[in-house]
$ cat data-v3.cif   # mmCIF, C-alpha atoms
data_target
#
loop_
_atom_site.label_atom_id
_atom_site.label_comp_id
_atom_site.auth_asym_id
_atom_site.auth_seq_id
_atom_site.Cartn_x
_atom_site.Cartn_y
_atom_site.Cartn_z
CA VAL A 1 -127.66 61.71 -2.40
CA ASP A 2 -123.93 62.36 -2.05
CA ASP A 3 -122.39 59.92 0.39
CA ILE A 4 -120.43 61.67 3.15
CA GLY A 5 -117.20 59.96 4.26
CA PHE A 6 -117.52 57.26 6.91
CA PHE A 7 -114.75 58.56 9.17
CA GLU A 8 -115.98 62.12 8.75
CA VAL A 9 -119.26 60.97 10.31
CA ILE A 10 -117.59 58.97 13.09
CA ASN A 11 -115.37 61.91 13.99
CA SER A 12 -118.13 64.50 14.20
CA GLN A 13 -121.08 62.65 15.72
CA THR A 14 -121.84 63.91 19.20
CA GLY A 15 -124.98 64.58 21.18
CA VAL A 16 -126.75 67.76 20.08
CA THR A 17 -128.25 70.07 22.71
CA ARG A 18 -129.77 72.91 20.66
CA TYR A 19 -131.94 72.45 17.57
CA LYS A 20 -133.19 74.74 14.84
CA PRO A 21 -136.99 74.85 14.64
CA ASP A 22 -137.03 73.61 11.00
CA PRO A 23 -139.11 70.47 10.45
CA VAL A 24 -137.37 67.20 9.59
CA PRO A 25 -138.29 65.86 6.13
CA VAL A 26 -139.96 62.46 6.06
CA ASP A 27 -137.43 61.12 3.57
CA ALA A 28 -134.57 61.97 5.94
CA ILE A 29 -136.38 60.08 8.70
CA GLU A 30 -136.87 57.11 6.41
CA THR A 31 -133.17 57.15 5.49
CA ILE A 32 -132.01 57.03 9.09
CA LEU A 33 -134.51 54.33 10.08
CA ASP A 34 -133.38 52.25 7.11
CA ALA A 35 -129.79 52.61 8.35
CA ALA A 36 -130.87 51.58 11.86
CA THR A 37 -132.33 48.33 10.55
CA LYS A 38 -128.99 47.38 8.95
CA ALA A 39 -127.54 46.75 12.42
CA PRO A 40 -126.99 43.21 13.71
CA SER A 41 -129.34 41.54 16.22
CA GLY A 42 -129.36 38.14 17.91
CA ALA A 43 -130.25 35.46 15.33
CA ASN A 44 -131.09 38.38 12.98
CA LEU A 45 -134.48 38.67 14.69
CA GLN A 46 -134.66 42.47 14.22
CA PRO A 47 -136.69 43.14 17.38
CA TRP A 48 -136.71 46.94 17.00
CA GLU A 49 -139.65 49.33 16.96
CA PHE A 50 -139.33 53.03 16.15
CA ILE A 51 -141.86 55.64 17.17
CA VAL A 52 -141.35 58.87 15.26
CA ILE A 53 -142.95 61.84 16.98
CA THR A 54 -143.56 64.90 14.82
CA ASP A 55 -146.99 66.06 15.99
CA PRO A 56 -146.37 69.27 18.00
CA ASP A 57 -148.95 68.38 20.66
CA MET A 58 -147.39 64.99 21.22
CA ILE A 59 -143.90 66.50 21.33
CA ARG A 60 -145.12 68.93 23.99
CA GLN A 61 -146.65 66.14 26.10
CA VAL A 62 -143.58 63.92 25.88
CA GLY A 63 -141.25 66.89 26.38
CA GLU A 64 -143.10 68.02 29.47
CA LEU A 65 -143.00 64.52 30.97
CA TYR A 66 -139.30 64.45 30.19
CA ARG A 67 -138.70 67.78 31.90
CA GLU A 68 -140.63 66.77 35.02
CA THR A 69 -138.74 63.49 35.18
CA TRP A 70 -135.44 65.35 34.89
CA LEU A 71 -136.38 67.72 37.72
CA ASP A 72 -137.44 64.85 39.98
CA HIS A 73 -134.47 62.60 39.34
CA MET A 74 -131.57 64.76 38.18
CA GLY A 75 -132.03 67.86 40.26
CA ARG A 76 -133.76 71.23 40.36
CA GLU A 77 -130.84 73.54 39.68
CA PRO A 78 -131.88 76.63 37.69
CA GLU A 79 -131.38 76.27 33.98
CA PRO A 80 -128.13 76.43 32.07
CA ASP A 81 -124.46 76.09 32.75
CA GLU A 82 -124.05 74.28 29.49
CA GLY A 83 -120.32 73.82 29.92
CA SER A 84 -120.60 70.25 31.19
CA VAL A 85 -122.29 67.03 30.07
CA LYS A 86 -124.88 67.41 32.81
CA GLY A 87 -125.36 71.12 32.13
CA SER A 88 -126.12 70.54 28.48
CA ALA A 89 -128.41 67.61 29.31
CA ARG A 90 -130.25 69.89 31.73
CA TYR A 91 -130.64 72.55 29.02
CA LEU A 92 -132.08 69.92 26.71
CA ALA A 93 -134.48 68.70 29.41
CA HIS A 94 -135.86 72.21 29.77
CA HIS A 95 -136.34 72.52 26.00
CA MET A 96 -137.36 69.00 25.04
CA SER A 97 -140.94 70.09 24.35
CA GLU A 98 -139.70 72.46 21.61
CA VAL A 99 -137.64 70.07 19.49
CA PRO A 100 -138.84 69.57 15.90
CA ALA A 101 -139.06 65.76 16.19
CA MET A 102 -138.26 62.83 18.44
CA ILE A 103 -137.63 59.15 17.89
CA LEU A 104 -138.34 56.65 20.65
CA ILE A 105 -136.44 53.45 19.96
CA CYS A 106 -137.95 50.32 21.49
CA ILE A 107 -137.49 46.57 21.58
CA ASP A 108 -140.35 44.08 21.19
CA HIS A 109 -139.38 41.24 23.50
CA THR A 110 -141.70 38.82 21.74
CA ARG A 111 -139.39 39.15 18.75
CA GLY A 112 -136.23 38.97 20.88
CA TYR A 113 -133.56 36.26 20.95
CA GLY A 114 -134.53 33.34 23.18
CA TYR A 115 -138.14 34.47 23.68
CA LYS A 116 -140.70 31.76 24.32
CA PRO A 117 -144.39 32.51 24.87
CA GLY A 118 -145.19 32.51 28.57
CA ASN A 119 -141.63 33.19 29.69
CA PRO A 120 -141.14 36.31 31.76
CA ILE A 121 -139.57 39.26 29.96
CA VAL A 122 -136.16 40.13 31.36
CA ARG A 123 -135.44 43.82 30.94
CA ASP A 124 -132.04 45.13 29.85
CA ARG A 125 -130.87 41.70 28.71
CA HIS A 126 -130.98 42.32 25.00
CA GLY A 127 -128.68 45.30 24.59
CA ALA A 128 -126.80 43.43 21.88
CA SER A 129 -129.95 43.40 19.75
CA ILE A 130 -131.00 47.04 20.00
CA TRP A 131 -128.11 49.41 20.79
CA PRO A 132 -126.25 48.73 17.55
CA ALA A 133 -129.41 49.88 15.73
CA VAL A 134 -129.55 52.99 17.90
CA GLN A 135 -125.94 53.82 17.04
CA ASN A 136 -126.58 53.29 13.32
CA LEU A 137 -129.50 55.69 13.62
CA PHE A 138 -127.35 58.33 15.35
CA LEU A 139 -124.57 58.05 12.79
CA ALA A 140 -126.98 58.11 9.85
CA ALA A 141 -128.67 61.20 11.28
CA ARG A 142 -125.27 62.92 11.39
CA ALA A 143 -124.61 61.77 7.83
CA VAL A 144 -127.72 63.60 6.61
CA GLY A 145 -127.01 66.66 8.75
CA LEU A 146 -129.38 65.88 11.64
CA GLY A 147 -128.64 66.02 15.34
CA THR A 148 -129.61 63.47 18.00
CA ARG A 149 -128.87 62.83 21.65
CA LEU A 150 -128.97 59.56 23.59
CA THR A 151 -131.31 60.00 26.56
CA ARG A 152 -132.70 57.51 29.06
CA VAL A 153 -134.19 59.86 31.66
CA HIS A 154 -137.72 58.85 30.62
CA MET A 155 -137.10 55.34 32.00
CA HIS A 156 -137.95 56.64 35.48
CA ARG A 157 -141.51 57.18 34.26
CA GLU A 158 -141.62 54.71 31.42
CA ALA A 159 -145.14 53.46 32.23
CA GLU A 160 -146.59 56.93 31.71
CA LEU A 161 -144.71 57.43 28.47
CA LYS A 162 -145.90 54.05 27.21
CA ALA A 163 -149.50 54.92 28.05
CA MET A 164 -149.16 58.28 26.27
CA LEU A 165 -147.92 56.61 23.08
CA LYS A 166 -150.15 53.49 23.40
CA ILE A 167 -147.15 51.16 23.52
CA PRO A 168 -148.09 47.55 24.33
CA ASP A 169 -146.72 45.66 27.35
CA GLN A 170 -144.19 43.50 25.55
CA VAL A 171 -142.46 46.51 24.03
CA GLU A 172 -139.73 48.07 26.20
CA THR A 173 -138.55 51.60 25.53
CA VAL A 174 -134.80 51.89 25.15
CA CYS A 175 -133.77 55.36 24.06
CA LEU A 176 -135.50 58.68 23.40
CA THR A 177 -133.71 61.02 21.06
CA PRO A 178 -134.62 64.49 19.88
CA LEU A 179 -134.14 64.90 16.14
CA GLY A 180 -133.53 68.09 14.22
CA TYR A 181 -131.01 70.28 12.48
CA PRO A 182 -128.39 71.42 14.99
CA ALA A 183 -128.21 75.10 15.87
CA GLN A 184 -124.42 74.84 16.03
CA PRO A 185 -121.90 73.08 13.77
CA PHE A 186 -121.05 69.44 14.45
CA ARG A 187 -117.89 69.12 16.52
CA PRO A 188 -115.49 66.28 17.26
CA PRO A 189 -116.28 64.07 20.28
CA ARG A 190 -114.13 64.76 23.34
CA ARG A 191 -112.60 61.41 24.24
CA ARG A 192 -109.58 59.93 25.94
CA PRO A 193 -107.27 58.07 23.52
CA ALA A 194 -108.08 54.45 22.73
CA SER A 195 -104.57 53.41 23.78
CA GLU A 196 -105.56 53.98 27.43
CA PHE A 197 -108.19 51.24 27.11
CA THR A 198 -106.41 48.78 24.85
CA SER A 199 -104.68 45.59 25.98
CA TYR A 200 -102.88 43.02 23.85
CA ASP A 201 -103.42 39.29 24.50
CA VAL A 202 -103.79 39.69 28.27
CA PHE A 203 -105.53 42.43 30.20
CA GLY A 204 -103.29 45.38 30.99
CA ASN A 205 -100.54 44.55 28.48
CA ARG A 206 -100.04 47.73 26.43
CA ASP A 207 -97.34 46.26 24.17
CA ASN A 208 -98.75 45.76 20.67
CA SER A 209 -95.67 44.04 19.24
CA SER A 210 -96.81 40.47 20.05
CA PRO A 211 -96.38 37.82 17.35
CA GLY A 212 -99.11 37.44 14.76
CA VAL B 1 -106.47 57.07 3.80
CA ASP B 2 -109.35 57.44 1.37
CA ASP B 3 -112.61 57.74 3.25
CA ILE B 4 -115.22 55.21 2.08
CA GLY B 5 -118.81 56.48 1.88
CA PHE B 6 -120.85 56.29 5.09
CA PHE B 7 -123.90 54.63 3.55
CA GLU B 8 -121.72 52.25 1.57
CA VAL B 9 -120.41 50.99 4.92
CA ILE B 10 -123.85 50.82 6.53
CA ASN B 11 -125.25 48.89 3.59
CA SER B 12 -122.51 46.26 3.43
CA GLN B 13 -121.64 45.57 7.06
CA THR B 14 -122.71 42.09 8.09
CA GLY B 15 -121.24 39.37 10.26
CA VAL B 16 -118.36 37.55 8.57
CA THR B 17 -118.04 33.77 8.92
CA ARG B 18 -114.89 32.92 6.95
CA TYR B 19 -111.60 34.78 7.20
CA LYS B 20 -108.40 34.85 5.15
CA PRO B 21 -105.34 33.84 7.18
CA ASP B 22 -103.58 37.18 6.53
CA PRO B 23 -102.57 39.05 9.70
CA VAL B 24 -104.33 42.27 10.63
CA PRO B 25 -102.01 45.32 10.61
CA VAL B 26 -101.64 47.11 13.94
CA ASP B 27 -102.53 50.45 12.37
CA ALA B 28 -105.87 49.06 11.13
CA ILE B 29 -106.60 47.83 14.67
CA GLU B 30 -105.75 51.25 16.08
CA THR B 31 -108.04 52.92 13.53
CA ILE B 32 -111.04 50.81 14.49
CA LEU B 33 -110.44 51.18 18.24
CA ASP B 34 -110.19 54.93 17.78
CA ALA B 35 -113.56 54.85 15.99
CA ALA B 36 -115.03 52.75 18.82
CA THR B 37 -114.09 55.39 21.38
CA LYS B 38 -116.00 58.08 19.47
CA ALA B 39 -119.29 56.46 20.54
CA PRO B 40 -121.45 58.02 23.25
CA SER B 41 -121.57 56.69 26.82
CA GLY B 42 -123.46 57.69 29.95
CA ALA B 43 -122.07 61.02 31.23
CA ASN B 44 -119.24 60.54 28.69
CA LEU B 45 -117.52 58.17 31.15
CA GLN B 46 -116.06 55.97 28.38
CA PRO B 47 -116.10 52.76 30.41
CA TRP B 48 -114.79 50.52 27.60
CA GLU B 49 -111.83 48.16 27.59
CA PHE B 50 -110.58 46.39 24.46
CA ILE B 51 -108.47 43.25 24.51
CA VAL B 52 -106.87 42.63 21.14
CA ILE B 53 -105.77 39.03 20.71
CA THR B 54 -103.22 38.35 18.00
CA ASP B 55 -100.91 35.81 19.63
CA PRO B 56 -101.64 32.47 17.88
CA ASP B 57 -101.43 30.44 21.10
CA MET B 58 -103.91 32.74 22.83
CA ILE B 59 -106.23 32.65 19.81
CA ARG B 60 -106.12 28.85 19.93
CA GLN B 61 -106.93 28.76 23.65
CA VAL B 62 -109.81 31.24 23.36
CA GLY B 63 -111.06 29.61 20.15
CA GLU B 64 -111.07 26.16 21.73
CA LEU B 65 -112.99 27.44 24.77
CA TYR B 66 -115.43 29.09 22.37
CA ARG B 67 -115.93 25.86 20.40
CA GLU B 68 -116.51 23.78 23.53
CA THR B 69 -118.98 26.35 24.82
CA TRP B 70 -120.82 26.29 21.52
CA LEU B 71 -121.05 22.47 21.56
CA ASP B 72 -122.33 22.45 25.16
CA HIS B 73 -124.89 25.22 24.77
CA MET B 74 -125.85 25.45 21.12
CA GLY B 75 -125.84 21.82 20.07
CA ARG B 76 -123.60 19.07 18.71
CA GLU B 77 -124.89 18.85 15.17
CA PRO B 78 -122.16 17.88 12.72
CA GLU B 79 -120.47 20.84 11.06
CA PRO B 80 -121.80 23.09 8.33
CA ASP B 81 -125.07 23.89 6.71
CA GLU B 82 -123.98 27.47 6.39
CA GLY B 83 -127.21 28.58 4.77
CA SER B 84 -128.73 29.87 8.00
CA VAL B 85 -127.70 32.26 10.74
CA LYS B 86 -127.17 29.36 13.12
CA GLY B 87 -125.35 27.30 10.52
CA SER B 88 -122.86 30.04 9.81
CA ALA B 89 -122.40 30.71 13.53
CA ARG B 90 -121.72 27.00 14.00
CA TYR B 91 -119.14 27.05 11.22
CA LEU B 92 -117.43 29.98 12.91
CA ALA B 93 -117.47 28.20 16.29
CA HIS B 94 -115.62 25.26 14.75
CA HIS B 95 -113.02 27.56 13.22
CA MET B 96 -112.67 30.26 15.88
CA SER B 97 -109.22 29.01 16.87
CA GLU B 98 -107.93 29.73 13.34
CA VAL B 99 -108.98 33.39 12.95
CA PRO B 100 -106.14 35.89 12.47
CA ALA B 101 -107.21 38.11 15.38
CA MET B 102 -109.95 38.69 17.94
CA ILE B 103 -111.16 41.64 19.93
CA LEU B 104 -112.89 41.15 23.26
CA ILE B 105 -114.88 44.26 24.12
CA CYS B 106 -115.46 44.80 27.83
CA ILE B 107 -116.93 47.33 30.25
CA ASP B 108 -115.21 48.40 33.45
CA HIS B 109 -118.07 48.91 35.87
CA THR B 110 -115.97 51.08 38.15
CA ARG B 111 -115.95 53.62 35.32
CA GLY B 112 -119.65 53.13 34.55
CA TYR B 113 -122.49 55.60 34.97
CA GLY B 114 -123.85 55.67 38.50
CA TYR B 115 -121.03 53.56 39.99
CA LYS B 116 -120.19 54.17 43.63
CA PRO B 117 -117.45 52.25 45.45
CA GLY B 118 -118.96 49.43 47.48
CA ASN B 119 -122.15 49.20 45.43
CA PRO B 120 -122.83 45.84 43.84
CA ILE B 121 -122.17 45.62 40.11
CA VAL B 122 -125.36 45.03 38.13
CA ARG B 123 -124.62 43.11 34.96
CA ASP B 124 -126.25 43.98 31.62
CA ARG B 125 -127.46 47.36 32.88
CA HIS B 126 -125.09 49.54 30.93
CA GLY B 127 -125.79 48.53 27.36
CA ALA B 128 -126.22 52.19 26.44
CA SER B 129 -122.59 52.82 27.37
CA ILE B 130 -120.89 49.97 25.53
CA TRP B 131 -122.89 48.67 22.54
CA PRO B 132 -122.65 51.93 20.59
CA ALA B 133 -118.85 51.58 20.82
CA VAL B 134 -119.13 47.97 19.63
CA GLN B 135 -121.17 49.05 16.62
CA ASN B 136 -118.70 51.83 15.78
CA LEU B 137 -115.94 49.22 15.89
CA PHE B 138 -117.85 46.88 13.54
CA LEU B 139 -118.59 49.65 11.07
CA ALA B 140 -115.03 51.00 11.15
CA ALA B 141 -113.69 47.49 10.57
CA ARG B 142 -115.87 47.25 7.46
CA ALA B 143 -114.66 50.69 6.38
CA VAL B 144 -111.04 49.48 6.35
CA GLY B 145 -111.96 46.17 4.73
CA LEU B 146 -112.01 43.97 7.84
CA GLY B 147 -114.68 41.49 8.89
CA THR B 148 -116.16 41.02 12.35
CA ARG B 149 -119.00 39.09 13.93
CA LEU B 150 -120.96 39.83 17.08
CA THR B 151 -120.74 36.79 19.37
CA ARG B 152 -121.81 36.28 22.99
CA VAL B 153 -121.49 32.48 23.29
CA HIS B 154 -118.45 32.86 25.58
CA MET B 155 -120.73 34.37 28.26
CA HIS B 156 -121.71 30.84 29.31
CA ARG B 157 -118.11 30.35 30.47
CA GLU B 158 -117.07 33.92 31.06
CA ALA B 159 -115.19 33.17 34.29
CA GLU B 160 -112.80 30.85 32.46
CA LEU B 161 -112.25 33.34 29.66
CA LYS B 162 -111.56 36.10 32.18
CA ALA B 163 -109.02 33.91 33.99
CA MET B 164 -107.32 33.07 30.69
CA LEU B 165 -106.93 36.75 29.80
CA LYS B 166 -106.27 37.92 33.40
CA ILE B 167 -109.30 40.22 33.37
CA PRO B 168 -110.07 41.76 36.78
CA ASP B 169 -113.37 41.25 38.60
CA GLN B 170 -114.91 44.64 37.91
CA VAL B 171 -114.53 44.23 34.15
CA GLU B 172 -117.43 42.47 32.41
CA THR B 173 -116.96 40.96 28.98
CA VAL B 174 -119.54 42.10 26.47
CA CYS B 175 -118.74 40.89 22.99
CA LEU B 176 -116.10 38.69 21.37
CA THR B 177 -115.46 39.31 17.71
CA PRO B 178 -113.11 37.62 15.30
CA LEU B 179 -111.21 40.10 13.15
CA GLY B 180 -109.68 39.54 9.76
CA TYR B 181 -110.00 40.04 6.04
CA PRO B 182 -113.14 38.28 4.81
CA ALA B 183 -112.73 35.30 2.49
CA GLN B 184 -115.80 36.43 0.56
CA PRO B 185 -116.95 39.89 -0.60
CA PHE B 186 -119.00 42.03 1.75
CA ARG B 187 -122.72 41.68 1.05
CA PRO B 188 -125.81 43.70 1.98
CA PRO B 189 -127.55 42.81 5.26
CA ARG B 190 -130.75 40.80 4.84
CA ARG B 191 -133.38 42.80 6.68
CA ARG B 192 -137.10 43.43 6.71
CA PRO B 193 -138.04 46.98 5.66
CA ALA B 194 -137.98 49.68 8.33
CA SER B 195 -141.57 50.60 7.49
CA GLU B 196 -142.74 47.38 9.20
CA PHE B 197 -141.32 48.66 12.49
CA THR B 198 -142.09 52.36 12.25
CA SER B 199 -144.97 54.14 13.97
CA TYR B 200 -145.85 57.82 13.83
CA ASP B 201 -146.86 59.64 17.04
CA VAL B 202 -148.62 56.64 18.57
CA PHE B 203 -147.61 53.00 18.46
CA GLY B 204 -148.96 51.15 15.43
CA ASN B 205 -149.87 54.23 13.38
CA ARG B 206 -148.17 53.75 10.00
CA ASP B 207 -149.36 57.07 8.52
CA ASN B 208 -146.42 59.46 8.20
CA SER B 209 -148.44 62.46 7.04
CA SER B 210 -149.03 63.93 10.51
CA PRO B 211 -148.51 67.68 10.94
CA GLY B 212 -145.04 68.97 11.73
#

$ encode --input "data-v3.cif" --output "structure tokens"
Amino acid sequence: VDDIGFFEVINSQTGVTRYKPDPVPVDAIETILDAATKAPSGANLQPWEFIVITDPDMIRQVGELYRETWLDHMGREPEPDEGSVKGSARYLAHHMSEVPAMILICIDHTRGYGYKPGNPIVRDRHGASIWPAVQNLFLAARAVGLGTRLTRVHMHREAELKAMLKIPDQVETVCLTPLGYPAQPFRPPRRRPASEFTSYDVFGNRDNSSPG
Amino acid sequence: VDDIGFFEVINSQTGVTRYKPDPVPVDAIETILDAATKAPSGANLQPWEFIVITDPDMIRQVGELYRETWLDHMGREPEPDEGSVKGSARYLAHHMSEVPAMILICIDHTRGYGYKPGNPIVRDRHGASIWPAVQNLFLAARAVGLGTRLTRVHMHREAELKAMLKIPDQVETVCLTPLGYPAQPFRPPRRRPASEFTSYDVFGNRDNSSPG
């Protein structure tokens, strides 16, 4: 496989709203999951779990749950207006049951940093050990021409989603992404410049000419 | 700048323990912060803040706080044994005050998803909006030949670190990384294969031949 440039990937990876119906090859899925596992995690414990959904019936069930959850929690406005972040997320919610594939990224707390049997599981405390893997997965998908989008709407009805996919108690869902070839070309992320958020040596100092 | 291959970066980015004393050029720092800001965040709110520490006195102060925190919370074993994750982290803790540069990655909760003035700030709830930026930063550093390491030990004494760097209340520190040219070549991450953590359609199903 030709290796696309690193900065080309970084500068064209954004959330994809519309997908072509084409199926996603298994070897592409394996490539992006391999990339995900190269991310760091606390004490290198690698607590990730990936559920790849390609069965059309399962995609429909998960997509329908997703759409209902969106309507209940994000609003019942009629469909599009894709010109905003929320508008495009709403479009996706209405079409989630038609995407060619999904990946649900999870963390198994019994493999997490600091876990001891019998201790209660503290949700949302292990971001450092799972989100870097998610970002590797998103970037690697872009590198092989696949679109993704970071969604968390399912968390409002996580218990139902876990039952649907037979996910055990100790495994927390983290991120649900559609996966497929984008219907439109990749475009650069719209971001404010890093200089607005960068301090040198003490917070708020924008002068980068300090010694060293 | 020549663009290094994406998968070459992914397959050689690991935490770096030992750094050359050479200073880190400002333009390299700007390149990696620019890459960090290309990451996704909830509603594209971009809540990140980056504090770049290059002043030797400040590095010494932060490094000494880091070392003391390590000794108090991670143990007082005599130095090396670098052959394990903990051993190399311990080596780094003892030498943090000598690294050429550091970046402290933070999140400003008043720019976070769902923030409303007057609401209490819930720590650790916005991993989705900051860790992808951290991972972009780590990968971009590798792409320009710089080493990093994900550390969170400072969290045990975050209030002191925030006072030292004059960080306001609403800004939570997330990750402190040393930054510099590695003293040893980049090496592949040691990871278990993705297939051990991959399910198809329902949790635990390892058969990837489902329809679709």

$ interface_residues --input "data-v3.cif" --of "chain B" --to "chain A" --cutoff "7 Å" --atoms "all atoms listed in the file" --output "compact mmCIF listing (two decimals) with C-alpha atoms, in the frame of the given file"
# COMPACT_ATOMS: atom_id res chain seq x y z
CA ASP B 3 -112.61 57.74 3.25
CA ILE B 4 -115.22 55.21 2.08
CA GLY B 5 -118.81 56.48 1.88
CA PHE B 6 -120.85 56.29 5.09
CA PHE B 7 -123.90 54.63 3.55
CA ILE B 10 -123.85 50.82 6.53
CA ASN B 11 -125.25 48.89 3.59
CA PRO B 23 -102.57 39.05 9.70
CA LEU B 33 -110.44 51.18 18.24
CA ASP B 34 -110.19 54.93 17.78
CA ALA B 35 -113.56 54.85 15.99
CA THR B 37 -114.09 55.39 21.38
CA LYS B 38 -116.00 58.08 19.47
CA ALA B 43 -122.07 61.02 31.23
CA TRP B 48 -114.79 50.52 27.60
CA GLU B 49 -111.83 48.16 27.59
CA PHE B 50 -110.58 46.39 24.46
CA ILE B 51 -108.47 43.25 24.51
CA VAL B 52 -106.87 42.63 21.14
CA ILE B 53 -105.77 39.03 20.71
CA THR B 54 -103.22 38.35 18.00
CA ASP B 55 -100.91 35.81 19.63
CA PRO B 56 -101.64 32.47 17.88
CA MET B 58 -103.91 32.74 22.83
CA VAL B 85 -127.70 32.26 10.74
CA ASP B 124 -126.25 43.98 31.62
CA ARG B 125 -127.46 47.36 32.88
CA GLY B 127 -125.79 48.53 27.36
CA ALA B 128 -126.22 52.19 26.44
CA TRP B 131 -122.89 48.67 22.54
CA PRO B 132 -122.65 51.93 20.59
CA GLN B 135 -121.17 49.05 16.62
CA LEU B 165 -106.93 36.75 29.80
CA LYS B 166 -106.27 37.92 33.40
CA ILE B 167 -109.30 40.22 33.37
CA PRO B 189 -127.55 42.81 5.26
CA ARG B 191 -133.38 42.80 6.68
CA ALA B 194 -137.98 49.68 8.33
CA PHE B 197 -141.32 48.66 12.49
CA THR B 198 -142.09 52.36 12.25
CA SER B 199 -144.97 54.14 13.97
CA TYR B 200 -145.85 57.82 13.83
CA ASP B 201 -146.86 59.64 17.04
CA VAL B 202 -148.62 56.64 18.57
CA PHE B 203 -147.61 53.00 18.46
CA SER B 210 -149.03 63.93 10.51
CA PRO B 211 -148.51 67.68 10.94
CA GLY B 212 -145.04 68.97 11.73

$ residues_around --input "data-v3.cif" --residues "Arg67 of chain A" --least-positions-apart "3" --cutoff "7 Å" --atoms "all atoms listed in the file" --output "VMD selection string"
chain A and resid 63 to 64 70 to 71 93 to 94

$ closest_residue --input "data-v3.cif" --among "A:Ala141, A:Arg18, A:Arg157, A:Arg90" --to "Met74 of chain A" --atoms "all atoms listed in the file"
A:Arg90

$ axis_aligned_box --input "data-v3.cif" --around "segment 138-142 of chain A" --padding-each-side "6 Å" --output "JSON"
{"center_x": -126.6, "center_y": 60.5, "center_z": 12.6, "size_x": 16.1, "size_y": 16.9, "size_z": 17.5}

$ atom_distance --input "data-v3.cif" --atom1 "atom CA of Glu172 of chain B" --atom2 "atom CA of Leu92 of chain B"
23.2 Å

$ atom_distance --input "data-v3.cif" --atom1 "atom CA of Lys20 of chain A" --atom2 "atom CA of Phe186 of chain A"
13.3 Å

$ atom_distance --input "data-v3.cif" --atom1 "atom CA of His73 of chain A" --atom2 "atom CA of Gly114 of chain B"
12.7 Å

$ closest_residue --input "data-v3.cif" --among "A:Asp27, A:Asp72, A:Asp169, A:Arg142" --to "Ile121 of chain A" --atoms "all atoms listed in the file"
A:Asp169

$ residues_around --input "data-v3.cif" --residues "Tyr181 of chain A" --least-positions-apart "5" --cutoff "6 Å" --atoms "only C-alpha atoms" --output "PyMOL selection string"
chain A and resi 19-20+146-147

$ write_last_selection --input "data-v3.cif" --atoms "C-alpha atoms" --output "PDB file, in the frame of the given file"
ATOM      1  CA  TYR A  19    -131.940  72.450  17.570  1.00  0.00           C
ATOM      2  CA  LYS A  20    -133.190  74.740  14.840  1.00  0.00           C
ATOM      3  CA  LEU A 146    -129.380  65.880  11.640  1.00  0.00           C
ATOM      4  CA  GLY A 147    -128.640  66.020  15.340  1.00  0.00           C
TER       5      GLY A 147
END
